[in-house]
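Peer 1: The following block contains the structure, expressed as structure tokens.
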Amino acid sequence: MKKNFRNIIWMGIGAFALTVTSCKKFIKEELVTTLTEDYYKTDAGLEDLVKSAYTPLQWKFSEEQSYAMHNFGVDEFREGDQFNNVRYNDYDANLNANDAFVNGLWTNNYAGIRRCNQGIEMIASYNNPASKVLGTQAQKDLRIAELKALRGLYYFQMVQQFGGVPLITSVPSEPQYEFPRASVAEVYQQVIGDLKNAGPVLPWKYDAANRGRATRAMAYHFLAKAYLTRGSAVTDQRGQKPTDMDSVIVFADSVITRSGHALEADYGSLFNAAYPDGRIAPLGEVGAAPLSSKAKIDANNASNEIIYAAQFTSNLSLASSAGNNQTHLYYGTQYDAGMPGMARDFFNGRPFRRMRPTDYTIDIYDKINDSRFFKTFQTVFYRNVAVTANETFPKFTAADAPNPSLVGKPRVMPGDTAAIFIVNPVDKPLLTSNIAKMRYYAVYARYKQTTAGGAVSTDFSPNKFLAMIKFNDPIRLTSINNEARGIRNGTLARLAETYLMIAEAYGRKGDYTKALEYVNVLRRRAAYKAGEARSPQIWQFIGGPSTLDNTETNNLATMTLFTTSAASENYPASATSTSSRFIHFMLNERTRELCGEFYRWEDLVRTETFYERTKQFNPDISGSFSQFHKLRPIPYLQMIAQTKNGKPMSASDMAAYQNPGY
């Protein structure tokens with residue numbers, strides 16, 4: 001079994017170049033079947049080695065580890081009715097050292113680190129003045145800086161999930177079997193050092209042809225995040241320093257003001273490939289089922305707000321058979337069964353139904369003034385089943401037809417709303433008699449009652465719930481209906497998060513006025529603009545106005561939101577001071593802006609709110625949930641592959657090496 005761990009360090013780098021086949025842009029793939037170490041002493045070989053160091057970034061988005069390790073077991077999401085990997089949401093005994101995902105996280109990141117170490121050493125010693133790509137010291141320094149930025153990111157991913165891990169920053173000259181864990185503080189020093197060294201050498205941005213390479217904006221964004229994560233610790237020991245928040249501010253500000261990245265004017269532009277194209281039919285006319293376009297996916301991938309993303313290809317011949325971005329699968333409700341007029345299609349995708357938003361998530365948005373709710377969750381499904389001669393769906397009668405010409409015609413035509421999820425508040429339940437009068441085939445009311453003043457119930461369920469549409473991929477790699485491989489890039493950093501980080505840093509320093517300046521940049525963007533289309537639910541069921549005025553003023557945050565126990569913020573019981581409420585306020589802001597974007601588990605652990613918030617807001621949490629779950633177990637396969645003092649690790653050695661509680 002020693003071979004398993006040794007492969008992390010010694011796997012032949014010839015294989016690395018062959019694993020870049022699902023990257024795009026700056027990576028040009030060539031099938032090479034007979035590589036030796038000598039290949040990596042050439043321009044082409046070293047370039048391939050650098051490119052291969054990017055491939056492990058895709059792992060986070062390629063399969064079910066994406067949601068399991070980041071969005072399960074937190075306050076934002078709970079289980080759907082077709083859940084897998086429930087151990088990550090319930091924290092039961094199946095989440096242990098034998099878990100495949102924790103082993104995959106370990107081996108994948110160390111594979112990336114190994115490639116970075118190899119590239120740094122080989123490029124540093126490379127000497128070919130005639131080389132067009134590595135002939136000068138500046139060219140070599142640029143590639144080394146890329147690799148240091150990547151290595152810093154890989155170690156940052158590791159320390160947030162595992163705590164202290166082995167620090168390996170060079171290629172061993174002989175087989176190595178002993179890998180003591182460094183302290184958390186030492187790992188953060190490595191992360192910060194790598195990102196800090198890389199930043200000044202890298203350009204702020206690259207052109208489209210080199211999109212996906214590490215940049216100064218990427219390095220400084222993650223550098224700010226590393227300082228914020230280290231400095232957020234109160235009881236944890238991460239090597240935090242009094243200057244950490246100042247460092248967050250310096251590096252985050254440089255990204256905001258100097259990188260050339262900019263926020264999208266409309267929040268929805270980040271995800272609009274999931275919004276329908278095509279004409280929705282006027283009442284009684286035949287329209288078209290919603291579609292989207294590859295152009296929208298390409299525009300989403302190319303957004304100037306995105307600082308850094310794992311790159312995926314739309315070229316079938318270059319894509320991995322098991323990889324590509326599959327995150328679009330996990331958030332959908334079951335629209336293709338139990339909803340008349342609906343069948344599975346490309347636009348709405350494959351509804352794996354792994355998770356659904358919690359009540360906390362649904363409630364934390366201001367649905368009247370903040371457009372992000374209706375741009376994040378799907379509340380309407382448009383009929384995509386064609387009308388047939390023997391139509392069995394309900395038809396208009398003389399009693400309910402809007403005009404006589406519609407009597408006997410289907411109540412919902414292709415392109416019409418077939419099903420609607422109504423997100424009315426609990427103090428505005430809908431009468432079932434009024435729901436029955438709606439022309440839609442299916443109505444799912446969040447709160448309803450049979451008689452006024454009677455018992456309130458819900459139509460929301462583990463099977464029928466609000467689908468998060470941020471990652472919907474209505475194109476995908478092939479035209480096969482069940483194709484799982486999406487073509488969206490996997491966003492790792494976008495500028496909106498940079499704003500939230502600098503806001504939190506100012507707030508942690510007690511400068512709440514400055515913190516709100518950055519929060520309100522995002523809130524202004526999120527506000528409805530004059531004339532902007534918005535959901536009729538706002539005035540029909542939620543209690544908002546029917547006018548189309550700008551909601552910016554109403555959407556701005558004020559200090560009252562955290563200097564008092566504002567009802568809108570749903571603070572936990574422990575939030576009794578302005579400083580503690582501010583941290584929870586920022587977590588709420590992160591939900592409103594970044595919901596589901598694979599940050600949440602690490603956010604809650606970072607802020608030391610993981611146990612309290614998950615316990616309070618996730619109804620699926622089991623009795624086995626404990627404080628020690630703030631770290632993942634060290635993989636068993638990695639421990640049995642090691643030695644200590646030249647001998648295989650004993651049971652007591654492994655117990656000492658393992659994180660507490662596992």
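Numbering starts fresh at 1 for the residues of each chain in the structure tokens, the chains themselves are lettered A, B, ... in the order given, and ligands are numbered from 1 as they appear.
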Residues of stretch 260-369 of chain A classed as alpha helix (DSSP H) by DSSP on the backbone are to be reported as a PyMOL selection string.
Peer 2: chain A and resi 294-301+359-363
Peer 1: Distance table requested - stretch 219-288 of chain A against stretch 338-362 of chain A, cut-off 12 Å, only C-alpha atoms: one row per qualifying residue with the closest atom pair and its distance in Å to one decimal, ordered by chain and rising residue number, as JSON lines.
Peer 2:
```
{"residue": "A:Asn272", "atom": "CA", "partner": "A:Phe347", "partner_atom": "CA", "distance": 11.9}
{"residue": "A:Ala273", "atom": "CA", "partner": "A:Phe347", "partner_atom": "CA", "distance": 9.2}
{"residue": "A:Ala274", "atom": "CA", "partner": "A:Phe347", "partner_atom": "CA", "distance": 7.4}
{"residue": "A:Tyr275", "atom": "CA", "partner": "A:Phe347", "partner_atom": "CA", "distance": 8.8}
{"residue": "A:Pro276", "atom": "CA", "partner": "A:Phe347", "partner_atom": "CA", "distance": 7.9}
{"residue": "A:Asp277", "atom": "CA", "partner": "A:Phe347", "partner_atom": "CA", "distance": 9.6}
{"residue": "A:Gly278", "atom": "CA", "partner": "A:Phe347", "partner_atom": "CA", "distance": 11.5}
```
Peer 1: Between atom CA of A:Tyr528 and atom CA of A:Thr558, what is the distance, to one decimal in Å?
Peer 2: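 Atom CA of A:Thr558 lies at a distance of 18.3 Å from atom CA of A:Tyr528.
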Peer 1: Find the residues near stretch 295-303 of chain A: any atom within 6 Å, counting only C-alpha atoms, skip ones fewer than 2 places away on the same chain, and give them as a ChimeraX atom specification.
Peer 2: /A:270,273,293,305-306,489
Peer 1: Using only C-alpha atoms, which residue out of A:Tyr512, A:Ala445, A:Tyr440, A:Trp59 lies closest to A:Ala557?
Peer 2: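 Smallest distance to A:Ala557 is found for A:Tyr512.
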Peer 1: Taking 5 positions as the minimum chain separation for residues in the same chain, which residues sit within 10 Å of stretch 426-437 of chain A when counting only C-alpha atoms? Answer as a PyMOL selection string.
Peer 2: chain A and resi 400+442-458+541-543
Peer 1: So which bits of stretch 340-467 of chain A end up strand (DSSP E or B) when you DSSP the backbone, as a PyMOL selection string?
Peer 2: chain A and resi 355-357+370+377-378+380-382+395+410+417-422+430-431+442-445+448-449+456-457+467
Peer 1: Expressed in Å to a single decimal, how great is the separation between atom CA of A:Met654 and atom CA of A:Asn108?
Peer 2: 21.4 Å
Peer 1: Pick out the closest residue to A:Arg216 from this set: A:Phe179, A:Gln237, A:Ala149, A:Ile256. Count only C-alpha atoms.
Peer 2: A:Ala149
Peer 1: If we count only C-alpha atoms, what is near A:Lys509 at a cut-off of 12 Å, once residues fewer than 5 positions away on the same chain are taken out, given as a PDB file with N, CA and C atoms, in the first residue's frame?
Peer 2:
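After the write, out_8.pdb holds the following:
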```pdb
ATOM      1  N   LEU A 228      -7.597  36.671   5.423  1.00  0.00           N
ATOM      2  CA  LEU A 228      -8.897  36.754   6.079  1.00  0.00           C
ATOM      3  C   LEU A 228      -9.202  35.461   6.828  1.00  0.00           C
ATOM      4  N   GLY A 231      -6.831  35.264   9.817  1.00  0.00           N
ATOM      5  CA  GLY A 231      -7.144  36.287  10.815  1.00  0.00           C
ATOM      6  C   GLY A 231      -8.539  36.200  11.396  1.00  0.00           C
ATOM      7  N   SER A 232      -9.414  35.369  10.814  1.00  0.00           N
ATOM      8  CA  SER A 232     -10.763  35.204  11.358  1.00  0.00           C
ATOM      9  C   SER A 232     -10.776  34.372  12.637  1.00  0.00           C
ATOM     10  N   PRO A 242      -2.022  40.303  14.263  1.00  0.00           N
ATOM     11  CA  PRO A 242      -2.845  41.520  14.365  1.00  0.00           C
ATOM     12  C   PRO A 242      -2.962  42.286  13.058  1.00  0.00           C
ATOM     13  N   THR A 243      -2.032  42.083  12.162  1.00  0.00           N
ATOM     14  CA  THR A 243      -2.041  42.822  10.889  1.00  0.00           C
ATOM     15  C   THR A 243      -2.800  42.107   9.768  1.00  0.00           C
ATOM     16  N   ASP A 244      -3.399  40.965  10.061  1.00  0.00           N
ATOM     17  CA  ASP A 244      -4.030  40.182   8.995  1.00  0.00           C
ATOM     18  C   ASP A 244      -5.125  40.959   8.275  1.00  0.00           C
ATOM     19  N   MET A 245      -5.966  41.682   9.023  1.00  0.00           N
ATOM     20  CA  MET A 245      -7.053  42.410   8.368  1.00  0.00           C
ATOM     21  C   MET A 245      -6.512  43.572   7.530  1.00  0.00           C
ATOM     22  N   ASP A 246      -5.427  44.175   7.988  1.00  0.00           N
ATOM     23  CA  ASP A 246      -4.797  45.221   7.173  1.00  0.00           C
ATOM     24  C   ASP A 246      -4.298  44.639   5.851  1.00  0.00           C
ATOM     25  N   SER A 247      -3.765  43.423   5.920  1.00  0.00           N
ATOM     26  CA  SER A 247      -3.281  42.778   4.695  1.00  0.00           C
ATOM     27  C   SER A 247      -4.433  42.441   3.760  1.00  0.00           C
ATOM     28  N   VAL A 248      -5.542  41.994   4.324  1.00  0.00           N
ATOM     29  CA  VAL A 248      -6.730  41.739   3.491  1.00  0.00           C
ATOM     30  C   VAL A 248      -7.088  43.010   2.725  1.00  0.00           C
ATOM     31  N   ILE A 249      -7.133  44.111   3.426  1.00  0.00           N
ATOM     32  CA  ILE A 249      -7.539  45.377   2.812  1.00  0.00           C
ATOM     33  C   ILE A 249      -6.575  45.789   1.707  1.00  0.00           C
ATOM     34  N   ILE A 502     -13.102  42.538   1.638  1.00  0.00           N
ATOM     35  CA  ILE A 502     -12.586  43.808   2.159  1.00  0.00           C
ATOM     36  C   ILE A 502     -13.604  44.427   3.116  1.00  0.00           C
ATOM     37  N   ALA A 503     -14.893  44.248   2.849  1.00  0.00           N
ATOM     38  CA  ALA A 503     -15.917  44.748   3.761  1.00  0.00           C
ATOM     39  C   ALA A 503     -15.795  44.066   5.122  1.00  0.00           C
ATOM     40  N   GLU A 504     -15.625  42.752   5.108  1.00  0.00           N
ATOM     41  CA  GLU A 504     -15.502  42.030   6.377  1.00  0.00           C
ATOM     42  C   GLU A 504     -14.249  42.453   7.132  1.00  0.00           C
ATOM     43  N   LYS A 514     -16.920  52.091   6.634  1.00  0.00           N
ATOM     44  CA  LYS A 514     -16.179  51.682   5.441  1.00  0.00           C
ATOM     45  C   LYS A 514     -16.649  50.308   4.964  1.00  0.00           C
ATOM     46  N   ALA A 515     -16.941  49.415   5.887  1.00  0.00           N
ATOM     47  CA  ALA A 515     -17.429  48.087   5.510  1.00  0.00           C
ATOM     48  C   ALA A 515     -18.704  48.190   4.682  1.00  0.00           C
ATOM     49  N   SER A 579     -20.242  43.412  17.220  1.00  0.00           N
ATOM     50  CA  SER A 579     -19.164  42.719  16.502  1.00  0.00           C
ATOM     51  C   SER A 579     -19.576  41.309  16.097  1.00  0.00           C
ATOM     52  N   PHE A 582     -22.179  41.490  13.367  1.00  0.00           N
ATOM     53  CA  PHE A 582     -21.588  41.877  12.081  1.00  0.00           C
ATOM     54  C   PHE A 582     -21.069  40.651  11.322  1.00  0.00           C
ATOM     55  N   ILE A 583     -20.435  39.708  12.019  1.00  0.00           N
ATOM     56  CA  ILE A 583     -19.918  38.517  11.349  1.00  0.00           C
ATOM     57  C   ILE A 583     -21.072  37.727  10.739  1.00  0.00           C
TER      58      ILE A 583
END
```
Peer 1: For a test of reading the model, state the distance in Å between atom CA of A:Tyr67 and atom CA of A:Pro462, rounded to one decimal.
Peer 2: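 For atom CA of A:Tyr67 relative to atom CA of A:Pro462, the distance reads 16.8 Å.
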Peer 1: May I ask which of the residues A:Ala401, A:Thr564, A:Val387, A:Thr313 is the closest one to A:Met413, counting only C-alpha atoms?
Peer 2: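 Of A:Ala401, A:Thr564, A:Val387, A:Thr313, the one nearest A:Met413 is A:Val387, counting only C-alpha atoms.
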Peer 1: Which neighbours of A:Tyr126 fall inside 10 Å, counting only C-alpha atoms, when residues of the same chain fewer than 2 positions from it are skipped, and could you give them as a list in words?
Peer 2: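 Once the adjacent positions are removed, what remains is Tyr40, Lys41, Thr42, Asp43, Leu46, Glu121, Met122, Ile123, Ala124, Asn128, Pro129, Leu134, Gly135, Gln137 and Lys140 of chain A.
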Peer 1: Grab the residues selected above and save them as a CSV table (one decimal), in the first residue's frame with C-alpha atoms.
Peer 2:
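Listed below is the output, again-v3.csv:
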```csv
chain,number,residue,atom,x,y,z
A,40,TYR,CA,10.7,17.9,-19.9
A,41,LYS,CA,14.1,19.4,-20.7
A,42,THR,CA,12.6,21.0,-23.8
A,43,ASP,CA,10.5,24.1,-24.4
A,46,LEU,CA,8.2,22.4,-19.8
A,121,GLU,CA,12.8,23.2,-10.2
A,122,MET,CA,13.1,22.2,-13.8
A,123,ILE,CA,12.4,25.7,-15.2
A,124,ALA,CA,14.8,27.3,-12.7
A,128,ASN,CA,18.4,27.6,-23.4
A,129,PRO,CA,19.0,31.2,-24.6
A,134,LEU,CA,11.9,30.3,-21.7
A,135,GLY,CA,15.0,31.9,-23.1
A,137,GLN,CA,15.1,35.0,-16.9
A,140,LYS,CA,11.3,31.7,-16.6
```
Peer 1: With distances taken over only C-alpha atoms, which residue among A:Asp511, A:Glu178, A:Asp416, A:Glu597 lies nearest A:Ile640?
Peer 2: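 Under the stated criterion, the closest residue is A:Glu178.
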Peer 1: Fewer than 4 positions away in the same chain doesn't count, so skip those; otherwise give me all residues within 6 Å of stretch 164-168 of chain A, counting only C-alpha atoms, as a list in words.
Peer 2: Val159, Phe179, Pro180, Arg181, Ala182, Ser183 and Val184 of chain A
Peer 1: Counting only C-alpha atoms, what are the residues of stretch 291-337 of chain A within 10 Å of stretch 470-477 of chain A, and for each of them which pair of atoms is the nearest and at what distance in Å, to one decimal? Sort the table by chain and rising number, as a tab-separated table.
Peer 2:
```
residue	atom	partner	partner_atom	distance
A:Leu291	CA	A:Pro474	CA	7.6
A:Ser292	CA	A:Pro474	CA	6.2
A:Ser293	CA	A:Ile475	CA	6.7
A:Lys294	CA	A:Ile475	CA	6.2
A:Ala295	CA	A:Ile475	CA	9.8
A:Lys296	CA	A:Ile475	CA	9.7
A:Ile297	CA	A:Asp473	CA	7.6
A:Thr313	CA	A:Leu477	CA	8.3
A:Ser314	CA	A:Leu477	CA	5.7
A:Asn315	CA	A:Leu477	CA	7.2
A:Leu316	CA	A:Leu477	CA	6.2
A:Ser317	CA	A:Leu477	CA	10.0
A:Ala319	CA	A:Leu477	CA	8.4
A:Asn324	CA	A:Leu477	CA	8.5
A:Asn325	CA	A:Arg476	CA	9.1
A:Gln326	CA	A:Phe471	CA	8.9
A:Thr327	CA	A:Phe471	CA	6.3
A:His328	CA	A:Asn472	CA	4.7
A:Leu329	CA	A:Asn472	CA	7.7
A:Tyr330	CA	A:Phe471	CA	9.3
A:Tyr331	CA	A:Phe471	CA	8.6
A:Gly332	CA	A:Asn472	CA	8.7
```
Peer 1: Take the residues that were just selected and, keeping N, CA and C atoms, output them as a CSV table (one decimal), in the first residue's frame.
Peer 2:
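Result file follows (result13.csv):
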```
chain,number,residue,atom,x,y,z
A,291,LEU,N,-35.3,28.0,-24.5
A,291,LEU,CA,-34.0,27.6,-25.0
A,291,LEU,C,-32.9,28.5,-24.4
A,292,SER,N,-31.7,28.1,-24.5
A,292,SER,CA,-30.6,29.0,-24.3
A,292,SER,C,-29.6,28.8,-25.4
A,293,SER,N,-28.4,29.3,-25.2
A,293,SER,CA,-27.4,29.3,-26.3
A,293,SER,C,-26.0,29.1,-25.8
A,294,LYS,N,-25.2,28.6,-26.6
A,294,LYS,CA,-23.8,28.5,-26.3
A,294,LYS,C,-23.2,29.9,-26.2
A,295,ALA,N,-23.7,30.8,-27.0
A,295,ALA,CA,-23.2,32.2,-26.9
A,295,ALA,C,-23.3,32.7,-25.4
A,296,LYS,N,-24.4,32.4,-24.8
A,296,LYS,CA,-24.6,32.8,-23.4
A,296,LYS,C,-23.6,32.2,-22.5
A,297,ILE,N,-23.4,30.9,-22.7
A,297,ILE,CA,-22.4,30.2,-21.9
A,297,ILE,C,-21.0,30.8,-22.0
A,313,THR,N,-13.8,22.4,-21.5
A,313,THR,CA,-13.9,22.5,-22.9
A,313,THR,C,-15.3,22.2,-23.4
A,314,SER,N,-15.6,22.7,-24.6
A,314,SER,CA,-16.8,22.3,-25.3
A,314,SER,C,-16.5,21.4,-26.5
A,315,ASN,N,-15.2,21.0,-26.6
A,315,ASN,CA,-14.8,20.2,-27.7
A,315,ASN,C,-14.8,18.7,-27.2
A,316,LEU,N,-15.7,17.9,-27.7
A,316,LEU,CA,-15.9,16.6,-27.3
A,316,LEU,C,-14.6,15.8,-27.4
A,317,SER,N,-13.9,16.0,-28.4
A,317,SER,CA,-12.7,15.1,-28.6
A,317,SER,C,-11.6,15.4,-27.6
A,319,ALA,N,-12.5,16.4,-24.3
A,319,ALA,CA,-13.0,16.3,-22.9
A,319,ALA,C,-12.8,15.0,-22.3
A,324,ASN,N,-15.4,17.1,-16.9
A,324,ASN,CA,-16.2,18.3,-17.2
A,324,ASN,C,-17.1,18.7,-16.1
A,325,ASN,N,-17.6,19.9,-16.2
A,325,ASN,CA,-18.3,20.5,-15.0
A,325,ASN,C,-19.7,19.8,-14.9
A,326,GLN,N,-19.9,19.1,-13.8
A,326,GLN,CA,-21.2,18.4,-13.6
A,326,GLN,C,-22.1,19.1,-12.5
A,327,THR,N,-21.7,20.3,-12.1
A,327,THR,CA,-22.4,20.9,-11.0
A,327,THR,C,-23.8,21.3,-11.3
A,328,HIS,N,-24.2,21.4,-12.6
A,328,HIS,CA,-25.5,21.7,-13.0
A,328,HIS,C,-26.5,20.6,-12.7
A,329,LEU,N,-26.0,19.4,-12.3
A,329,LEU,CA,-26.9,18.3,-12.1
A,329,LEU,C,-27.6,18.3,-10.7
A,330,TYR,N,-27.1,19.0,-9.7
A,330,TYR,CA,-27.4,18.7,-8.4
A,330,TYR,C,-28.5,19.5,-7.7
A,331,TYR,N,-28.9,20.6,-8.3
A,331,TYR,CA,-29.8,21.5,-7.6
A,331,TYR,C,-31.2,21.5,-8.2
A,332,GLY,N,-31.5,20.7,-9.1
A,332,GLY,CA,-32.8,20.8,-9.8
A,332,GLY,C,-33.9,20.0,-9.1
```
